[in-house]
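Right, one structure below, let's go through it.
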Amino acid sequence: MKRYKIIFKGRVQGVGFRYRALMIAKSLGLVGSVKNLYDGNVEVILQGSRDLIDEFINLIENENFIRVESKVINELGIDETLNKFEILY
């Protein structure tokens, strides 16, 4: 199991990114959160198997209207208290 903080940059706000992230994460059984940042980027915290996290990234990058220009990925320690994926405001 892995846990990552991923900052997605590009056209990622105002295009349904958070909702699609929620749907994809739930369908893959990943836990964590997604939130818009004040600088126009989106932060996603994902916890689960590395293969499923890679699949999440591939799926979100290939969504209509979303254009990921770059991303910054940092590994975090496992959070045993995470039990769902949610949109943070």
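Residue numbers start at 1 in each chain; chains themselves are named A, B, ... in the order of the structure tokens; ligands are numbered from 1 in the order shown.
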
Which segment 2-31 of chain A residues have any atom within 10 Å of an atom of segment 37-42 of chain A, and for each, what is the nearest pair of atoms with distance in Å to one decimal, counting only C-alpha atoms, rows sorted by chain and number, as CSV?
residue,atom,partner,partner_atom,distance
A:Ile6,CA,A:Val42,CA,8.2
A:Ile7,CA,A:Val42,CA,5.7
A:Phe8,CA,A:Val42,CA,5.2
A:Lys9,CA,A:Asn41,CA,5.0
A:Gly10,CA,A:Asn41,CA,7.0
A:Arg11,CA,A:Asn41,CA,8.2
A:Val12,CA,A:Asn41,CA,6.5
A:Gln13,CA,A:Gly40,CA,6.5
A:Gly14,CA,A:Gly40,CA,9.6
A:Phe17,CA,A:Val42,CA,8.2
A:Arg18,CA,A:Val42,CA,8.2

Could you turn the residues from that selection into a file that holds C-alpha atoms, as a short mmCIF file (atom, residue, chain, number, x, y, z; two decimals), in the first residue's frame?
data_model
loop_
_atom_site.label_atom_id
_atom_site.label_comp_id
_atom_site.auth_asym_id
_atom_site.auth_seq_id
_atom_site.Cartn_x
_atom_site.Cartn_y
_atom_site.Cartn_z
CA ILE A 6 -0.27 14.73 -6.20
CA ILE A 7 -0.54 18.32 -7.37
CA PHE A 8 -2.13 18.48 -10.82
CA LYS A 9 -1.37 21.59 -12.88
CA GLY A 10 -3.03 22.79 -16.07
CA ARG A 11 -6.70 23.21 -16.90
CA VAL A 12 -7.88 21.41 -13.79
CA GLN A 13 -10.36 23.80 -12.15
CA GLY A 14 -13.83 24.52 -13.51
CA PHE A 17 -11.92 17.50 -12.00
CA ARG A 18 -12.95 16.98 -8.36
#

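All residues of segment 22-61 of chain A that DSSP, run on the backbone, classes as strand (DSSP E) are Val31, Gly32, Ser33, Val34, Lys35, Asn36, Val42, Glu43, Val44, Ile45, Leu46, Gln47 and Gly48 of chain A.
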
Dump of C-alpha atoms for the selected residues, as a compact mmCIF listing (two decimals), in the first residue's frame:
# COMPACT_ATOMS: atom_id res chain seq x y z
CA VAL A 31 -9.15 6.46 -0.29
CA GLY A 32 -8.05 10.05 0.23
CA SER A 33 -9.23 13.47 -0.89
CA VAL A 34 -9.27 16.08 -3.63
CA LYS A 35 -9.38 19.85 -3.28
CA ASN A 36 -8.88 22.98 -5.36
CA VAL A 42 -5.69 20.67 -7.66
CA GLU A 43 -4.32 18.56 -4.79
CA VAL A 44 -5.17 14.86 -4.64
CA ILE A 45 -4.27 12.56 -1.75
CA LEU A 46 -4.48 8.91 -2.79
CA GLN A 47 -3.94 5.78 -0.73
CA GLY A 48 -4.05 2.27 -2.14

Exercise for review: Run DSSP on the backbone and give me the residues of chain A it puts in helix (DSSP H, G or I), as a list in words.
Suggested key: Phe17, Arg18, Tyr19, Arg20, Ala21, Leu22, Met23, Ile24, Ala25, Lys26, Ser27, Leu28, Arg50, Asp51, Leu52, Ile53, Asp54, Glu55, Phe56, Ile57, Asn58, Leu59, Ile60 and Glu61 of chain A
